[in-house]
file work_34.cif (mmCIF, C-alpha atoms and all ligand atoms)
data_query
loop_
_atom_site.group_PDB
_atom_site.id
_atom_site.type_symbol
_atom_site.label_atom_id
_atom_site.label_comp_id
_atom_site.auth_asym_id
_atom_site.auth_seq_id
_atom_site.Cartn_x
_atom_site.Cartn_y
_atom_site.Cartn_z
ATOM 1 C CA MET A 14 18.936 127.120 -35.357
ATOM 2 C CA SER A 15 17.963 124.910 -38.256
ATOM 3 C CA LYS A 16 14.287 124.477 -39.030
ATOM 4 C CA LYS A 17 14.909 121.533 -41.324
ATOM 5 C CA ARG A 18 13.185 118.254 -40.667
ATOM 6 C CA PRO A 19 15.979 115.934 -39.543
ATOM 7 C CA VAL A 20 17.330 113.450 -42.062
ATOM 8 C CA LEU A 21 19.542 110.695 -40.692
ATOM 9 C CA GLY A 22 22.665 109.535 -42.504
ATOM 10 C CA VAL A 23 24.536 106.484 -41.261
ATOM 11 C CA ILE A 24 28.062 105.493 -42.229
ATOM 12 C CA GLY A 25 28.648 101.908 -41.170
ATOM 13 C CA GLY A 26 32.148 100.665 -40.438
ATOM 14 C CA SER A 27 33.687 97.217 -40.142
ATOM 15 C CA GLY A 28 31.012 94.526 -39.907
ATOM 16 C CA LEU A 29 28.067 96.773 -40.810
ATOM 17 C CA TYR A 30 27.397 96.691 -44.541
ATOM 18 C CA ASP A 31 23.606 96.927 -44.628
ATOM 19 C CA VAL A 32 20.676 97.637 -42.319
ATOM 20 C CA ALA A 33 17.776 95.195 -42.644
ATOM 21 C CA GLU A 34 15.466 97.511 -40.668
ATOM 22 C CA ILE A 35 15.374 100.137 -43.448
ATOM 23 C CA GLN A 36 11.984 99.951 -45.200
ATOM 24 C CA GLY A 37 11.237 100.804 -48.832
ATOM 25 C CA LYS A 38 14.866 100.621 -49.830
ATOM 26 C CA GLU A 39 16.178 102.395 -52.899
ATOM 27 C CA THR A 40 19.789 102.180 -54.006
ATOM 28 C CA LEU A 41 21.307 105.488 -55.061
ATOM 29 C CA GLU A 42 24.410 105.822 -57.232
ATOM 30 C CA LEU A 43 25.815 109.267 -56.506
ATOM 31 C CA ASP A 44 28.742 111.270 -57.774
ATOM 32 C CA THR A 45 30.399 114.255 -56.095
ATOM 33 C CA PRO A 46 33.084 116.847 -56.966
ATOM 34 C CA PHE A 47 35.359 114.550 -54.954
ATOM 35 C CA GLY A 48 34.582 111.355 -56.846
ATOM 36 C CA PRO A 49 32.066 108.632 -56.029
ATOM 37 C CA PRO A 50 31.384 107.565 -52.413
ATOM 38 C CA SER A 51 32.567 104.206 -51.054
ATOM 39 C CA ALA A 52 29.437 102.442 -52.303
ATOM 40 C CA PRO A 53 25.902 103.110 -53.525
ATOM 41 C CA ILE A 54 23.837 104.683 -50.730
ATOM 42 C CA VAL A 55 20.722 102.876 -49.559
ATOM 43 C CA GLY A 56 17.810 105.180 -48.755
ATOM 44 C CA GLY A 57 14.533 104.371 -47.024
ATOM 45 C CA THR A 58 12.762 104.851 -43.725
ATOM 46 C CA ILE A 59 12.850 103.485 -40.203
ATOM 47 C CA ALA A 60 9.730 104.362 -38.204
ATOM 48 C CA ASP A 61 8.861 107.170 -40.662
ATOM 49 C CA GLN A 62 12.326 108.666 -40.241
ATOM 50 C CA LYS A 63 14.182 109.164 -43.544
ATOM 51 C CA VAL A 64 17.476 107.259 -43.356
ATOM 52 C CA TYR A 65 20.405 106.915 -45.737
ATOM 53 C CA PHE A 66 23.022 104.220 -45.200
ATOM 54 C CA LEU A 67 26.529 103.961 -46.632
ATOM 55 C CA ALA A 68 29.096 101.213 -46.062
ATOM 56 C CA ARG A 69 32.273 103.152 -45.270
ATOM 57 C CA HIS A 70 34.651 100.498 -46.554
ATOM 58 C CA GLY A 71 32.611 99.732 -49.681
ATOM 59 C CA GLN A 72 30.781 96.608 -50.721
ATOM 60 C CA GLY A 73 32.803 93.593 -49.616
ATOM 61 C CA HIS A 74 35.045 95.830 -47.436
ATOM 62 C CA ARG A 75 37.499 96.960 -50.122
ATOM 63 C CA PHE A 76 38.835 100.305 -48.862
ATOM 64 C CA THR A 77 41.488 100.542 -46.124
ATOM 65 C CA PRO A 78 40.973 103.323 -43.544
ATOM 66 C CA SER A 79 43.501 105.371 -45.560
ATOM 67 C CA GLU A 80 41.697 104.739 -48.860
ATOM 68 C CA VAL A 81 38.116 105.541 -47.801
ATOM 69 C CA PRO A 82 36.853 108.475 -49.925
ATOM 70 C CA TYR A 83 35.804 110.509 -46.879
ATOM 71 C CA ARG A 84 35.071 113.737 -48.764
ATOM 72 C CA ALA A 85 32.875 111.993 -51.321
ATOM 73 C CA ASN A 86 31.036 110.110 -48.566
ATOM 74 C CA VAL A 87 30.195 113.239 -46.564
ATOM 75 C CA HIS A 88 29.379 115.274 -49.688
ATOM 76 C CA ALA A 89 27.036 112.551 -50.960
ATOM 77 C CA MET A 90 25.174 112.550 -47.638
ATOM 78 C CA LYS A 91 24.887 116.334 -47.857
ATOM 79 C CA GLN A 92 23.468 116.038 -51.392
ATOM 80 C CA LEU A 93 20.751 113.790 -50.016
ATOM 81 C CA GLY A 94 19.708 116.415 -47.482
ATOM 82 C CA VAL A 95 21.164 114.600 -44.479
ATOM 83 C CA THR A 96 21.237 116.804 -41.380
ATOM 84 C CA HIS A 97 22.482 114.254 -38.813
ATOM 85 C CA LEU A 98 25.367 111.949 -39.689
ATOM 86 C CA LEU A 99 25.978 108.959 -37.436
ATOM 87 C CA SER A 100 29.243 107.072 -37.692
ATOM 88 C CA ILE A 101 29.164 103.498 -36.459
ATOM 89 C CA SER A 102 32.693 102.226 -35.871
ATOM 90 C CA ALA A 103 34.520 99.267 -34.380
ATOM 91 C CA VAL A 104 37.153 100.447 -31.908
ATOM 92 C CA GLY A 105 39.716 99.101 -29.458
ATOM 93 C CA SER A 106 39.305 99.882 -25.759
ATOM 94 C CA LEU A 107 42.050 101.632 -23.784
ATOM 95 C CA LYS A 108 40.186 101.401 -20.460
ATOM 96 C CA GLU A 109 39.542 98.295 -18.415
ATOM 97 C CA GLU A 110 35.950 99.340 -17.693
ATOM 98 C CA ILE A 111 35.141 99.614 -21.414
ATOM 99 C CA GLU A 112 34.828 95.898 -22.057
ATOM 100 C CA PRO A 113 34.630 94.274 -25.484
ATOM 101 C CA GLY A 114 30.914 94.338 -26.345
ATOM 102 C CA HIS A 115 30.320 97.719 -24.708
ATOM 103 C CA LEU A 116 29.196 100.786 -26.667
ATOM 104 C CA VAL A 117 30.692 104.256 -26.285
ATOM 105 C CA VAL A 118 29.537 107.652 -27.533
ATOM 106 C CA PRO A 119 32.807 109.597 -27.504
ATOM 107 C CA ASP A 120 33.041 113.370 -27.062
ATOM 108 C CA GLN A 121 36.641 114.029 -28.083
ATOM 109 C CA ILE A 122 39.109 112.942 -30.757
ATOM 110 C CA ILE A 123 42.898 112.930 -31.025
ATOM 111 C CA ASP A 124 44.003 112.805 -34.655
ATOM 112 C CA ARG A 125 47.020 110.536 -35.143
ATOM 113 C CA THR A 126 46.490 109.971 -38.868
ATOM 114 C CA ARG A 127 49.505 110.841 -40.976
ATOM 115 C CA GLY A 128 48.047 113.728 -42.971
ATOM 116 C CA ASN A 129 47.808 111.776 -46.220
ATOM 117 C CA ARG A 130 44.013 111.670 -46.237
ATOM 118 C CA PRO A 131 42.359 114.715 -47.821
ATOM 119 C CA PHE A 132 40.916 116.355 -44.706
ATOM 120 C CA THR A 133 39.190 119.516 -45.957
ATOM 121 C CA PHE A 134 36.717 120.443 -48.682
ATOM 122 C CA PHE A 135 38.231 123.908 -48.920
ATOM 123 C CA GLY A 136 41.397 125.451 -50.372
ATOM 124 C CA ASP A 137 41.838 126.388 -54.051
ATOM 125 C CA GLY A 138 41.077 130.021 -53.281
ATOM 126 C CA ILE A 139 38.764 129.744 -50.301
ATOM 127 C CA VAL A 140 39.940 129.545 -46.695
ATOM 128 C CA VAL A 141 37.534 128.248 -44.069
ATOM 129 C CA HIS A 142 38.375 127.776 -40.384
ATOM 130 C CA VAL A 143 35.663 125.758 -38.663
ATOM 131 C CA PRO A 144 35.800 125.207 -34.878
ATOM 132 C CA MET A 145 36.730 121.689 -33.751
ATOM 133 C CA ALA A 146 36.914 122.223 -29.972
ATOM 134 C CA SER A 147 33.896 119.938 -29.663
ATOM 135 C CA PRO A 148 34.307 117.629 -32.652
ATOM 136 C CA TYR A 149 30.911 116.032 -32.090
ATOM 137 C CA CYS A 150 27.441 117.569 -31.898
ATOM 138 C CA ASP A 151 26.644 117.368 -28.173
ATOM 139 C CA THR A 152 22.880 117.378 -28.745
ATOM 140 C CA PHE A 153 22.952 114.606 -31.320
ATOM 141 C CA ALA A 154 25.513 112.584 -29.344
ATOM 142 C CA ASP A 155 23.177 112.723 -26.348
ATOM 143 C CA GLU A 156 20.308 111.352 -28.466
ATOM 144 C CA VAL A 157 22.564 108.556 -29.738
ATOM 145 C CA ARG A 158 23.589 107.691 -26.183
ATOM 146 C CA LYS A 159 19.961 107.572 -25.015
ATOM 147 C CA ALA A 160 19.012 105.374 -27.975
ATOM 148 C CA ALA A 161 21.910 103.007 -27.234
ATOM 149 C CA VAL A 162 20.846 102.733 -23.589
ATOM 150 C CA ALA A 163 17.243 102.072 -24.647
ATOM 151 C CA SER A 164 18.473 99.253 -26.902
ATOM 152 C CA GLY A 165 19.738 97.451 -23.800
ATOM 153 C CA ALA A 166 23.478 97.759 -24.437
ATOM 154 C CA VAL A 167 26.094 98.750 -21.859
ATOM 155 C CA VAL A 168 26.890 102.320 -22.891
ATOM 156 C CA HIS A 169 29.682 104.667 -21.795
ATOM 157 C CA ASP A 170 28.946 108.380 -22.038
ATOM 158 C CA GLY A 171 31.831 110.402 -23.473
ATOM 159 C CA GLY A 172 35.465 109.528 -23.945
ATOM 160 C CA THR A 173 38.425 110.370 -26.134
ATOM 161 C CA LEU A 174 38.919 108.462 -29.374
ATOM 162 C CA VAL A 175 42.452 108.256 -30.774
ATOM 163 C CA VAL A 176 42.379 107.888 -34.556
ATOM 164 C CA ILE A 177 45.388 106.073 -35.983
ATOM 165 C CA GLU A 178 46.283 105.671 -39.639
ATOM 166 C CA GLY A 179 46.185 101.868 -39.665
ATOM 167 C CA PRO A 180 45.669 99.495 -41.303
ATOM 168 C CA GLN A 181 47.964 97.837 -38.745
ATOM 169 C CA PHE A 182 46.837 97.819 -35.115
ATOM 170 C CA SER A 183 48.905 99.736 -32.512
ATOM 171 C CA THR A 184 52.271 98.697 -31.133
ATOM 172 C CA ARG A 185 52.229 98.034 -27.391
ATOM 173 C CA ALA A 186 54.245 101.215 -26.767
ATOM 174 C CA GLU A 187 51.703 103.226 -28.758
ATOM 175 C CA SER A 188 48.853 101.649 -26.833
ATOM 176 C CA PHE A 189 50.546 102.611 -23.519
ATOM 177 C CA LEU A 190 51.143 106.111 -24.878
ATOM 178 C CA TYR A 191 47.448 106.609 -25.691
ATOM 179 C CA ARG A 192 46.539 105.328 -22.235
ATOM 180 C CA SER A 193 48.961 107.841 -20.707
ATOM 181 C CA TRP A 194 46.966 110.533 -22.536
ATOM 182 C CA ASP A 195 43.871 109.266 -20.704
ATOM 183 C CA ALA A 196 42.294 108.330 -24.038
ATOM 184 C CA HIS A 197 39.489 105.766 -23.991
ATOM 185 C CA LEU A 198 39.359 104.278 -27.470
ATOM 186 C CA VAL A 199 41.456 103.709 -30.558
ATOM 187 C CA GLY A 200 39.983 103.650 -34.065
ATOM 188 C CA MET A 201 40.992 104.360 -37.661
ATOM 189 C CA THR A 202 38.266 106.412 -39.389
ATOM 190 C CA ALA A 203 36.757 109.208 -37.252
ATOM 191 C CA MET A 204 39.325 111.550 -38.780
ATOM 192 C CA PRO A 205 38.974 113.155 -41.217
ATOM 193 C CA GLU A 206 35.267 112.201 -41.181
ATOM 194 C CA ALA A 207 34.480 114.445 -38.185
ATOM 195 C CA ARG A 208 36.348 117.400 -39.724
ATOM 196 C CA LEU A 209 34.468 117.019 -42.996
ATOM 197 C CA ALA A 210 31.098 116.614 -41.296
ATOM 198 C CA ARG A 211 31.731 119.898 -39.458
ATOM 199 C CA GLU A 212 32.774 121.611 -42.720
ATOM 200 C CA ALA A 213 29.569 120.281 -44.289
ATOM 201 C CA SER A 214 27.570 121.823 -41.411
ATOM 202 C CA LEU A 215 26.213 118.452 -40.279
ATOM 203 C CA CYS A 216 25.420 117.273 -36.774
ATOM 204 C CA TYR A 217 27.875 114.381 -36.331
ATOM 205 C CA ALA A 218 28.195 111.677 -33.690
ATOM 206 C CA THR A 219 29.968 108.339 -33.352
ATOM 207 C CA LEU A 220 28.556 105.136 -31.931
ATOM 208 C CA ALA A 221 31.758 103.274 -31.079
ATOM 209 C CA LEU A 222 31.568 99.507 -30.656
ATOM 210 C CA ALA A 223 34.389 98.162 -28.463
ATOM 211 C CA THR A 224 35.675 94.918 -29.940
ATOM 212 C CA ASP A 225 38.941 94.316 -28.055
ATOM 213 C CA TYR A 226 41.471 95.732 -25.570
ATOM 214 C CA ASP A 227 43.960 96.830 -28.254
ATOM 215 C CA CYS A 228 47.258 95.326 -26.986
ATOM 216 C CA TRP A 229 47.965 97.103 -23.685
ATOM 217 C CA TYR A 230 46.152 94.679 -21.386
ATOM 218 C CA GLU A 231 48.457 92.036 -19.880
ATOM 219 C CA GLY A 232 46.664 88.736 -19.623
ATOM 220 C CA HIS A 233 44.227 89.571 -22.397
ATOM 221 C CA ASP A 234 44.916 88.363 -25.902
ATOM 222 C CA SER A 235 46.194 91.102 -28.152
ATOM 223 C CA VAL A 236 43.919 92.316 -30.892
ATOM 224 C CA THR A 237 43.425 90.039 -33.897
ATOM 225 C CA VAL A 238 41.059 90.246 -36.859
ATOM 226 C CA GLU A 239 39.449 86.947 -35.805
ATOM 227 C CA GLY A 240 38.760 88.186 -32.270
ATOM 228 C CA VAL A 241 37.473 91.525 -33.510
ATOM 229 C CA ILE A 242 35.028 89.900 -35.928
ATOM 230 C CA ALA A 243 33.587 87.567 -33.272
ATOM 231 C CA VAL A 244 32.734 90.461 -30.925
ATOM 232 C CA MET A 245 31.797 92.673 -33.866
ATOM 233 C CA LYS A 246 28.954 90.379 -34.913
ATOM 234 C CA LYS A 247 27.329 90.710 -31.495
ATOM 235 C CA ASN A 248 27.950 94.461 -31.468
ATOM 236 C CA ILE A 249 26.300 94.962 -34.838
ATOM 237 C CA GLU A 250 23.034 93.666 -33.420
ATOM 238 C CA LYS A 251 23.240 96.301 -30.653
ATOM 239 C CA ALA A 252 24.070 99.010 -33.181
ATOM 240 C CA ARG A 253 21.058 98.143 -35.320
ATOM 241 C CA LYS A 254 18.752 98.207 -32.291
ATOM 242 C CA THR A 255 20.223 101.599 -31.382
ATOM 243 C CA LEU A 256 19.517 102.831 -34.893
ATOM 244 C CA VAL A 257 15.859 101.806 -34.677
ATOM 245 C CA GLN A 258 15.538 103.628 -31.342
ATOM 246 C CA LEU A 259 17.295 106.691 -32.690
ATOM 247 C CA ALA A 260 15.030 106.862 -35.738
ATOM 248 C CA GLN A 261 12.053 107.173 -33.417
ATOM 249 C CA THR A 262 13.489 109.998 -31.349
ATOM 250 C CA LEU A 263 15.654 112.112 -33.662
ATOM 251 C CA PRO A 264 14.795 115.736 -32.871
ATOM 252 C CA GLN A 265 15.363 118.960 -34.723
ATOM 253 C CA CYS A 266 18.648 120.141 -33.278
ATOM 254 C CA THR A 267 18.950 123.357 -31.326
ATOM 255 C CA CYS A 268 22.720 123.400 -31.874
ATOM 256 C CA THR A 269 24.788 125.524 -34.242
ATOM 257 C CA CYS A 270 26.340 122.699 -36.311
ATOM 258 C CA GLN A 271 24.061 123.304 -39.263
ATOM 259 C CA THR A 272 25.174 126.914 -39.715
ATOM 260 C CA THR A 273 28.891 126.281 -39.112
ATOM 261 C CA VAL A 274 30.231 127.414 -42.472
ATOM 262 C CA LYS A 275 28.338 130.707 -42.309
ATOM 263 C CA ASP A 276 30.780 132.030 -39.709
ATOM 264 C CA ALA A 277 33.904 130.222 -40.840
ATOM 265 C CA VAL A 278 34.747 131.608 -44.304
ATOM 266 C CA ILE A 279 37.605 134.103 -43.934
ATOM 267 C CA THR A 280 38.203 134.767 -47.639
ATOM 268 C CA SER A 281 36.583 137.892 -49.119
ATOM 269 C CA PRO A 282 33.611 136.801 -51.229
ATOM 270 C CA GLU A 283 34.930 138.649 -54.294
ATOM 271 C CA ALA A 284 38.288 136.847 -53.995
ATOM 272 C CA ILE A 285 36.807 133.345 -54.230
ATOM 273 C CA PRO A 286 37.449 131.898 -57.709
ATOM 274 C CA GLU A 287 34.236 131.121 -59.560
ATOM 275 C CA ALA A 288 35.254 127.512 -60.242
ATOM 276 C CA THR A 289 35.924 126.929 -56.553
ATOM 277 C CA ARG A 290 32.623 128.529 -55.559
ATOM 278 C CA ALA A 291 30.786 126.387 -58.096
ATOM 279 C CA ARG A 292 32.464 123.187 -56.908
ATOM 280 C CA LEU A 293 31.639 123.908 -53.270
ATOM 281 C CA ALA A 294 28.198 125.438 -53.847
ATOM 282 C CA LEU A 295 26.399 122.761 -51.878
ATOM 283 C CA LEU A 296 28.522 123.484 -48.797
ATOM 284 C CA LEU A 297 28.600 127.291 -49.198
ATOM 285 C CA ASP A 298 24.922 127.750 -50.035
ATOM 286 C CA GLU A 299 24.269 126.801 -46.445
ATOM 287 C CA GLN A 300 24.986 130.454 -45.746
ATOM 288 C CA ASN A 301 21.755 131.451 -47.459
ATOM 289 C CA ASP A 302 19.486 129.136 -45.480
HETATM 290 ZN ZN ZN A 401 24.421 119.630 -34.018
#

call {"tool": "encode", "arguments": {"input": "work_34.cif", "output": "structure tokens"}}
result
Amino acid sequence: MSKKRPVLGVIGGSGLYDVAEIQGKETLELDTPFGPPSAPIVGGTIADQKVYFLARHGQGHRFTPSEVPYRANVHAMKQLGVTHLLSISAVGSLKEEIEPGHLVVPDQIIDRTRGNRPFTFFGDGIVVHVPMASPYCDTFADEVRKAAVASGAVVHDGGTLVVIEGPQFSTRAESFLYRSWDAHLVGMTAMPEARLAREASLCYATLALATDYDCWYEGHDSVTVEGVIAVMKKNIEKARKTLVQLAQTLPQCTCTCQTTVKDAVITSPEAIPEATRARLALLLDEQND
């Protein structure tokens, strides 16, 4: 169990590029062993809770889902002492009851990215197998759900998020396929972000903002950028209210996320190359906490 005071990191997706509610803002230019993050990180407080915010797609939305520097983003948050990382993402709905404008806190992920995104911090002489059976921190996800409900939004508890490579939306056959898997949502960025958050021993949760019905729903317009943006603007307001609620209630977790790496390194300590150990020190030093 971690005894650290919680520090909240937020990675905002499409439509969310800053958070007006953050007080005493400072802009931080960080570098990591994996290059710079998508954008400078804005630090400050909401209701005395330390918060760091990063625009996932960069200033002006310049990175495609495939181009986002996921490793740098998660590493930069770790450098700042973040313990709880919240992803806020626009998604398509695969279920009739999840209407555009609804919020979902998913509990599972199916990774349909194409394997071109760097998806681990490790390798180069160190092998680490972290568990992904529950890709999200259940404790943190529950807090996010409660905060979303308190903000007045319609919130769905749990659900499976299919992560596609993008940047194109799904074909209709793909959309039907994901529905046949009983998946609830389709998005483009939760992988490898969730894998990397777990490898960085962070509590991770997603607040998914449903913007459209993908393209499976006969009689509903298929997904377009224009339609997504219109719903997105309304959703962003709900997400920001959720964030303010969450900042007031974020507890010290009783989960095991923050000691993940301790039990996951399989390589003998003496076999780990010094350069690799040095590069990953921030992630490995967690073992000594
Ligand atoms: Zn956790």

call {"tool": "resolve_selection", "arguments": {"input": "work_34.cif", "expression": "the PyMOL selection byres (((not hetatm)) within 9 of (chain A and resi 401))", "output": "list in words"}}
result
Thr96, His97, Tyr149, Cys150, Asp151, Thr152, Phe153, Ala154, Ser214, Leu215, Cys216, Tyr217, Ala218, Cys266, Thr267, Cys268, Thr269, Cys270 and Gln271 of chain A

call {"tool": "residues_around", "arguments": {"input": "work_34.cif", "residues": "segment 163-178 of chain A", "least_positions_apart": "5", "cutoff": "6 Å", "atoms": "all atoms listed in the file", "output": "list in words"}}
result
His115, Leu116, Val117, Val118, Pro119, Asp120, Gln121, Ile122, Ile123, Asp124, Arg125, Thr126, Ala196, His197, Leu198, Val199, Gly200, Met201, Lys254 and Thr255 of chain A

call {"tool": "closest_atom_pairs", "arguments": {"input": "work_34.cif", "of": "segment 80-188 of chain A", "to": "segment 272-280 of chain A", "cutoff": "10 Å", "atoms": "all atoms listed in the file", "output": "Markdown table"}}
result
| residue | atom | partner | partner_atom | distance |
| --- | --- | --- | --- | --- |
| A:Phe135 | CA | A:Val278 | CA | 9.6 |
| A:Gly138 | CA | A:Thr280 | CA | 7.9 |
| A:Ile139 | CA | A:Thr280 | CA | 5.7 |
| A:Val140 | CA | A:Thr280 | CA | 5.6 |
| A:Val141 | CA | A:Val278 | CA | 4.4 |
| A:His142 | CA | A:Ala277 | CA | 5.1 |
| A:Val143 | CA | A:Ala277 | CA | 5.3 |
| A:Pro144 | CA | A:Ala277 | CA | 8.0 |

call {"tool": "residues_around", "arguments": {"input": "work_34.cif", "residues": "segment 23-26 of chain A", "least_positions_apart": "6", "cutoff": "7 Å", "atoms": "all atoms listed in the file", "output": "PDB file with C-alpha atoms, in the coordinates of the input"}}
result
ATOM      1  CA  TYR A  65      20.405 106.915 -45.737  1.00  0.00           C
ATOM      2  CA  PHE A  66      23.022 104.220 -45.200  1.00  0.00           C
ATOM      3  CA  LEU A  67      26.529 103.961 -46.632  1.00  0.00           C
ATOM      4  CA  ALA A  68      29.096 101.213 -46.062  1.00  0.00           C
ATOM      5  CA  ARG A  69      32.273 103.152 -45.270  1.00  0.00           C
ATOM      6  CA  HIS A  70      34.651 100.498 -46.554  1.00  0.00           C
ATOM      7  CA  LEU A  98      25.367 111.949 -39.689  1.00  0.00           C
ATOM      8  CA  LEU A  99      25.978 108.959 -37.436  1.00  0.00           C
ATOM      9  CA  SER A 100      29.243 107.072 -37.692  1.00  0.00           C
ATOM     10  CA  ILE A 101      29.164 103.498 -36.459  1.00  0.00           C
ATOM     11  CA  SER A 102      32.693 102.226 -35.871  1.00  0.00           C
ATOM     12  CA  ALA A 103      34.520  99.267 -34.380  1.00  0.00           C
TER      13      ALA A 103
END

call {"tool": "resolve_selection", "arguments": {"input": "work_34.cif", "expression": "the PyMOL selection byres (((chain A and resi 21) around 6) and not hetatm)", "output": "MDAnalysis selection string"}}
result
chainID A and resid 20 22 64 95 97
